[in-house]
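Notes follow once the structure below has been shown.
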Amino acid sequence: MLGFPENRVQGYSYLRVTVTNACERRINVTITSHVFNDLDTYVLQPAASDTSTVAGELMVKGSKRTKQGVKIITTGDAKVYIEVDNINAKEGALVIPVQFLGYRHYVVTGVSTEGTTQSEILLVGVTDQTDVAVTIHTTTNVIYDRDMFFNGAVIYIQLDEFDTVQIQSDSGDLSGSLIESSSPISVFSGNQAVSINTNVGYLLEQMPAIMFWQTKFVIVPPKGFNYECKIVAAFSWTLVRYRCSLVGWHDVLLVSAGTDVALQLGSALCTVIASKPILTTMIIRAMTFDPAMVVIQPVREVHRHIPFYVPETLEFAQIILVTYTDDIYDMTLDNDTLTNVIAPSFEPLYVAVVEDIKSGTHIIKTSGSSLRISGYIFGLFGGLTSAFPLQFQQNRVRIA
């Protein structure tokens with residue numbers, strides 16, 4: 001289940017939905033909504049991708065409840081990508097399948113205080129009569145359904161399938177807001193119009209449930225870009241440690257659940273570890289480009305092979321990977337050996353790869369018994385940027 005969060009950057013916005021077949025057999029794909037019923041139906045061959053365009057009328061506008069969710073049904077394993085696009089802003093996300101949704105989420109929506117932010121959260125109902133409580137964490141206030149809510153206030157909602165609830169702030173960051181539900185729901189968050197330097201952009205990601213968070217991350221920026229690492233704690237007294245060289249560790253203590261911190265890490269490759277599970281996001285930025293946001297995957301994920309898609313709308317794209325040093329020589333990308341390998345001296349267990357990549361469907365394989373990897377896709381179209389994870393987080397952690 002997915003939704004179309006509002007994009008207030010000037011220009012008509014529309015939503016592209018791409019499905020990539022991750023099976024070794026053909027699958028059937030059906031895309032439906034409550035508003036338009038069947039939006040598209042087609043058959044996908046193995047390792048093939050197809051893109052549908054969703055009308056801008058399904059974009060949820062304002063801080064309110066509507067019924068504008070989109071449901072995608074496939075008859076086999078598949079990856080679903082969304083891309084919100086207009087002539088002045090672009091952003092993408094990898095959609096989390098229903099079986100990997102959860103009941104408790106924290107969100108990241110904004111950037112540090114050097115920019116202006118118009119944060120938003122979009123909730124999409126998966127099953128009928130789902131009770132939801134949203135605890136607002138904000139620096140200002142929120143208007144929802146014509147009522148005003150301040151920091152710490154709770155908004156109670158009931159969601160049915162296809163229901164969409166959007167909560168927006170015109171001037172404050174909503175990072176660290178808590179969403180609790182009686183049944184799994186889809187949670188998207190980001191920014192309807194964020195200003196950094198002289199650039200105005202649009203941020204979007206789907207938030208993983210707390211039970212899929214982890215405690216160690218290796219963060220690698222794209223070539224030529226700086227980034228801000230924004231971290232949210234799910235539990236009180238979470239110690240976050242990070243380093244970007246052999247010089248030593250830097251410590252940050254997140255005292256309360258929902259506390260967030262923004263680390264300005266420039267263009268450095270860095271390691272982040274935490275005493276308890278954290279949500280780690282990267283906001284990629286440059287002086288002449290709009291920003292992009294991506295959830296960083298934990299390095300613990302284990303896969304045999306990974307099919308993925310690079311949108312044709314991107315003129316230039318990079319794939320950024322992190323894997324174990326022992327695994328890199330067994331890996332191939334489209335049957336070719338990976339060459340642009342970075343080996344950080346302060347993190348000998350891991351290596352990173354930053355490769356230019358063309359649009360279309362690709363596959364990462366290993367000749368070994370397993371593939372341990374994390375990563376994301378980052379791309380450009382003119383001065384616009386887009387980023388999304390290579391895989392959704394699916395390794396559960398035990399939460400006390």
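Ordering of the structure tokens sets the chain letters (A, B, ...), residue numbers begin anew at 1 in every chain, and ligands are numbered from 1 in the order given.
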
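Residues lying within 10 Å of Pro348 (chain A), counting only C-alpha atoms and ignoring same-chain neighbours fewer than 4 positions away, are A:Tyr324, A:Thr325, A:Ala343, A:Pro344.
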
Within 12 Å of region 124-137 of chain A, which residues of region 246-324 of chain A come that close, and what is the closest atom pair and distance in Å for each? Count only C-alpha atoms and give it as a Markdown table.
```
| residue | atom | partner | partner_atom | distance |
| --- | --- | --- | --- | --- |
| A:Ser256 | CA | A:His137 | CA | 11.8 |
| A:Ala257 | CA | A:His137 | CA | 10.7 |
| A:Gly258 | CA | A:His137 | CA | 7.7 |
| A:Thr259 | CA | A:His137 | CA | 8.9 |
| A:Asp260 | CA | A:His137 | CA | 10.1 |
```

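Using only C-alpha atoms, the shortest contact distance between Ile185 (chain A) and any of A:Ile328, A:Gly3, A:Glu205, A:Thr280 is found at A:Gly3.
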
* With distances taken over only C-alpha atoms, which of A:Val19, A:Ala193, A:Val232, A:Leu265 is nearest to Ala89 (chain A)? ->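 So, comparing all the options, the nearest one is A:Ala193.
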
* Tell me, in Å to one decimal, how far CA of Gly190 (chain A) is from CA of Cys270 (chain A). =>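 Atom-to-atom, CA of Gly190 (chain A) to CA of Cys270 (chain A), that is 23.5 Å.
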
* When DSSP works through the backbone of this structure, what residues of region 196-340 of chain A end up as strand (DSSP E or B), shown as a PyMOL selection string? -> chain A and resi 196+199-206+214-219+226-233+238-243+250-254+260-266+270-286+289-295+302-303+305-310+316-324+331-333+336-337

Could you list, as a compact mmCIF listing (two decimals) with all heavy atoms, in the first residue's frame, every residue within 8 Å of region 372-375 of chain A, counting only C-alpha atoms and ignoring same-chain residues fewer than 5 positions away?
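Final file, result_12.txt:
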```
# COMPACT_ATOMS: atom_id res chain seq x y z
N ILE A 296 19.10 4.70 5.40
CA ILE A 296 20.30 3.87 5.29
C ILE A 296 19.99 2.48 5.83
O ILE A 296 19.45 2.33 6.93
CB ILE A 296 21.47 4.50 6.05
CG1 ILE A 296 21.78 5.88 5.46
CG2 ILE A 296 22.71 3.60 5.99
CD1 ILE A 296 22.14 5.86 4.00
N GLN A 297 20.36 1.47 5.07
CA GLN A 297 20.11 0.09 5.48
C GLN A 297 21.21 -0.41 6.41
O GLN A 297 22.37 0.00 6.28
CB GLN A 297 20.08 -0.82 4.25
CG GLN A 297 19.06 -0.44 3.19
CD GLN A 297 19.30 -1.24 1.95
OE1 GLN A 297 19.24 -2.46 1.96
NE2 GLN A 297 19.59 -0.56 0.85
N PRO A 298 20.88 -1.28 7.32
CA PRO A 298 21.91 -1.91 8.16
C PRO A 298 22.77 -2.86 7.34
O PRO A 298 22.31 -3.43 6.35
CB PRO A 298 21.10 -2.67 9.22
CG PRO A 298 19.79 -2.93 8.55
CD PRO A 298 19.53 -1.75 7.66
N VAL A 299 24.01 -3.04 7.75
CA VAL A 299 24.93 -3.90 7.01
C VAL A 299 24.67 -5.38 7.29
O VAL A 299 25.32 -6.23 6.70
CB VAL A 299 26.38 -3.56 7.35
CG1 VAL A 299 26.71 -2.16 6.90
CG2 VAL A 299 26.66 -3.72 8.84
N ARG A 300 23.76 -5.72 8.16
CA ARG A 300 23.52 -7.12 8.50
C ARG A 300 22.69 -7.89 7.48
O ARG A 300 22.60 -9.10 7.57
CB ARG A 300 22.80 -7.21 9.85
CG ARG A 300 23.60 -6.77 11.05
CD ARG A 300 22.79 -6.98 12.30
NE ARG A 300 23.51 -6.56 13.50
CZ ARG A 300 22.98 -6.60 14.70
NH1 ARG A 300 21.75 -7.04 14.86
NH2 ARG A 300 23.68 -6.19 15.75
N GLU A 301 22.06 -7.19 6.56
CA GLU A 301 21.14 -7.87 5.65
C GLU A 301 21.85 -8.96 4.85
O GLU A 301 22.99 -8.79 4.43
CB GLU A 301 20.50 -6.86 4.70
CG GLU A 301 19.73 -5.78 5.44
CD GLU A 301 18.29 -5.71 5.03
OE1 GLU A 301 17.90 -6.40 4.10
OE2 GLU A 301 17.54 -4.95 5.68
N VAL A 302 21.16 -10.09 4.65
CA VAL A 302 21.73 -11.23 3.93
C VAL A 302 20.81 -11.59 2.77
O VAL A 302 19.62 -11.81 2.95
CB VAL A 302 21.91 -12.45 4.87
CG1 VAL A 302 22.46 -13.63 4.10
CG2 VAL A 302 22.82 -12.10 6.04
N HIS A 303 21.37 -11.64 1.55
CA HIS A 303 20.60 -11.96 0.36
C HIS A 303 21.45 -12.84 -0.56
O HIS A 303 22.66 -12.81 -0.50
CB HIS A 303 20.21 -10.69 -0.40
CG HIS A 303 19.55 -9.66 0.46
ND1 HIS A 303 18.23 -9.74 0.84
CD2 HIS A 303 20.03 -8.55 1.03
CE1 HIS A 303 17.94 -8.70 1.61
NE2 HIS A 303 19.02 -7.97 1.74
N ILE A 319 25.23 3.77 -8.08
CA ILE A 319 24.86 2.77 -7.09
C ILE A 319 25.93 2.80 -6.00
O ILE A 319 27.13 2.79 -6.30
CB ILE A 319 24.70 1.36 -7.69
CG1 ILE A 319 24.27 0.37 -6.60
CG2 ILE A 319 25.94 0.89 -8.43
CD1 ILE A 319 23.85 -0.99 -7.14
N ILE A 320 25.49 2.88 -4.77
CA ILE A 320 26.40 2.93 -3.63
C ILE A 320 26.16 1.69 -2.78
O ILE A 320 25.04 1.46 -2.31
CB ILE A 320 26.19 4.22 -2.80
CG1 ILE A 320 26.56 5.46 -3.63
CG2 ILE A 320 27.04 4.19 -1.54
CD1 ILE A 320 25.44 6.05 -4.43
N LEU A 321 27.20 0.88 -2.58
CA LEU A 321 27.07 -0.40 -1.89
C LEU A 321 28.05 -0.46 -0.72
O LEU A 321 29.13 0.12 -0.76
CB LEU A 321 27.39 -1.57 -2.83
CG LEU A 321 26.58 -1.70 -4.12
CD1 LEU A 321 27.15 -2.83 -4.96
CD2 LEU A 321 25.12 -1.95 -3.80
N VAL A 322 27.66 -1.21 0.31
CA VAL A 322 28.57 -1.58 1.40
C VAL A 322 28.44 -3.08 1.60
O VAL A 322 27.34 -3.63 1.64
CB VAL A 322 28.21 -0.85 2.71
CG1 VAL A 322 29.10 -1.34 3.86
CG2 VAL A 322 28.35 0.66 2.55
N THR A 323 29.58 -3.77 1.71
CA THR A 323 29.56 -5.21 1.94
C THR A 323 30.79 -5.59 2.77
O THR A 323 31.66 -4.76 3.05
CB THR A 323 29.54 -5.98 0.61
OG1 THR A 323 29.36 -7.38 0.88
CG2 THR A 323 30.85 -5.80 -0.16
N TYR A 324 30.84 -6.83 3.16
CA TYR A 324 31.99 -7.33 3.91
C TYR A 324 33.19 -7.48 2.97
O TYR A 324 33.04 -7.85 1.80
CB TYR A 324 31.67 -8.66 4.57
CG TYR A 324 30.81 -8.54 5.80
CD1 TYR A 324 29.43 -8.41 5.71
CD2 TYR A 324 31.39 -8.52 7.07
CE1 TYR A 324 28.64 -8.29 6.83
CE2 TYR A 324 30.60 -8.40 8.21
CZ TYR A 324 29.24 -8.28 8.08
OH TYR A 324 28.46 -8.15 9.20
N ASP A 327 33.42 -10.64 1.08
CA ASP A 327 32.38 -10.95 0.09
C ASP A 327 32.58 -10.26 -1.25
O ASP A 327 32.00 -10.67 -2.25
CB ASP A 327 31.01 -10.54 0.64
CG ASP A 327 30.56 -11.41 1.81
OD1 ASP A 327 31.29 -12.36 2.14
OD2 ASP A 327 29.49 -11.13 2.38
N PRO A 389 16.46 3.29 -1.29
CA PRO A 389 17.26 2.14 -0.86
C PRO A 389 17.29 1.02 -1.90
O PRO A 389 16.36 0.88 -2.71
CB PRO A 389 16.54 1.67 0.42
CG PRO A 389 15.70 2.82 0.84
CD PRO A 389 15.32 3.53 -0.42
N LEU A 390 18.34 0.25 -1.83
CA LEU A 390 18.47 -0.93 -2.69
C LEU A 390 17.51 -2.03 -2.25
O LEU A 390 16.95 -2.75 -3.06
CB LEU A 390 19.91 -1.43 -2.65
CG LEU A 390 20.33 -2.50 -3.65
CD1 LEU A 390 20.26 -1.94 -5.07
CD2 LEU A 390 21.73 -2.98 -3.34
N GLN A 391 17.36 -2.18 -0.94
CA GLN A 391 16.49 -3.19 -0.35
C GLN A 391 15.73 -2.56 0.81
O GLN A 391 16.22 -1.64 1.45
CB GLN A 391 17.31 -4.37 0.20
CG GLN A 391 17.87 -5.29 -0.85
CD GLN A 391 16.83 -6.25 -1.39
OE1 GLN A 391 16.27 -6.03 -2.45
NE2 GLN A 391 16.54 -7.30 -0.65
```

* **Among the residues A:Asp334, A:Glu347, A:Asp50, A:Asp290, the one that comes closest to Leu246 (chain A) [using only C-alpha atoms]** =>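 For Leu246 (chain A), the nearest of the given residues is A:Glu347.
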
His362 (chain A): which residues within 8 Å, counting only C-alpha atoms, same-chain residues fewer than 2 positions away excluded, as a PDB file with C-alpha atoms, in the first residue's frame?
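Just written: selection.pdb:
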```
ATOM      1  CA  ALA A  47      13.869  -9.575 -14.241  1.00  0.00           C
ATOM      2  CA  PRO A 307      17.419  -7.369  -8.703  1.00  0.00           C
ATOM      3  CA  PHE A 308      16.811  -3.623  -8.780  1.00  0.00           C
ATOM      4  CA  TYR A 309      15.675  -0.832 -11.069  1.00  0.00           C
ATOM      5  CA  VAL A 310      17.176   2.537 -12.026  1.00  0.00           C
ATOM      6  CA  LEU A 333      26.864  -6.445 -11.083  1.00  0.00           C
ATOM      7  CA  ASP A 334      25.183  -7.582 -14.311  1.00  0.00           C
ATOM      8  CA  GLY A 360      16.968  -0.078 -16.491  1.00  0.00           C
ATOM      9  CA  ILE A 364      23.681  -8.152  -8.169  1.00  0.00           C
TER      10      ILE A 364
END
```

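For the pair CA of Ala55 (chain A) and CA of Ser386 (chain A), the interatomic distance is 19.8 Å.
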
* Asked: What's the 6 Å shell around region 5-7 of chain A, counting only C-alpha atoms, without same-chain residues fewer than 3 positions away, as a ChimeraX atom specification?
  -> /A:59-61,192

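Checking A:Met331, A:Val354, A:Val70, A:Ile306 one by one against Asp163 (chain A), counting only C-alpha atoms, you find the shortest gap at A:Val70.
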
* To do: Write out as a ChimeraX atom specification which residues come within 9 Å of Lys358 (chain A) when counting only C-alpha atoms, dropping same-chain ones fewer than 4 positions away.
  => /A:310-312,314-318

* Contacts of Val220 (chain A) within 7 Å, only C-alpha atoms, excl. fewer than 2 positions in-chain, as a ChimeraX atom specification -> /A:218,222,269-270

Take the residues that were just selected and, keeping N, CA, C and O atoms, output them as a compact mmCIF listing (two decimals), in the first residue's frame.
```txt
# COMPACT_ATOMS: atom_id res chain seq x y z
N VAL A 218 27.24 1.65 7.96
CA VAL A 218 28.37 2.27 7.26
C VAL A 218 27.77 3.18 6.21
O VAL A 218 27.01 2.73 5.34
N PRO A 222 27.23 9.78 -2.25
CA PRO A 222 27.52 9.72 -3.68
C PRO A 222 28.73 10.59 -4.02
O PRO A 222 29.08 11.50 -3.27
N LEU A 269 33.11 9.14 4.34
CA LEU A 269 32.59 7.80 4.61
C LEU A 269 32.69 7.59 6.12
O LEU A 269 33.76 7.77 6.70
N CYS A 270 31.59 7.20 6.77
CA CYS A 270 31.56 7.14 8.22
C CYS A 270 30.89 5.86 8.71
O CYS A 270 30.05 5.27 8.01
```

* To do: Find, counting only C-alpha atoms, the residue in A:Asp160, A:Asp85, A:Asp40, A:Glu180 that gets nearest to Gln68 (chain A).
  =>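 Using only C-alpha atoms, Gln68 (chain A) sits closest to A:Asp160.
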
* Structure fact -> Using only C-alpha atoms, the residue out of A:Gly176, A:Gly92, A:Gly201, A:Pro277 with shortest distance to Gln214 (chain A) is A:Pro277
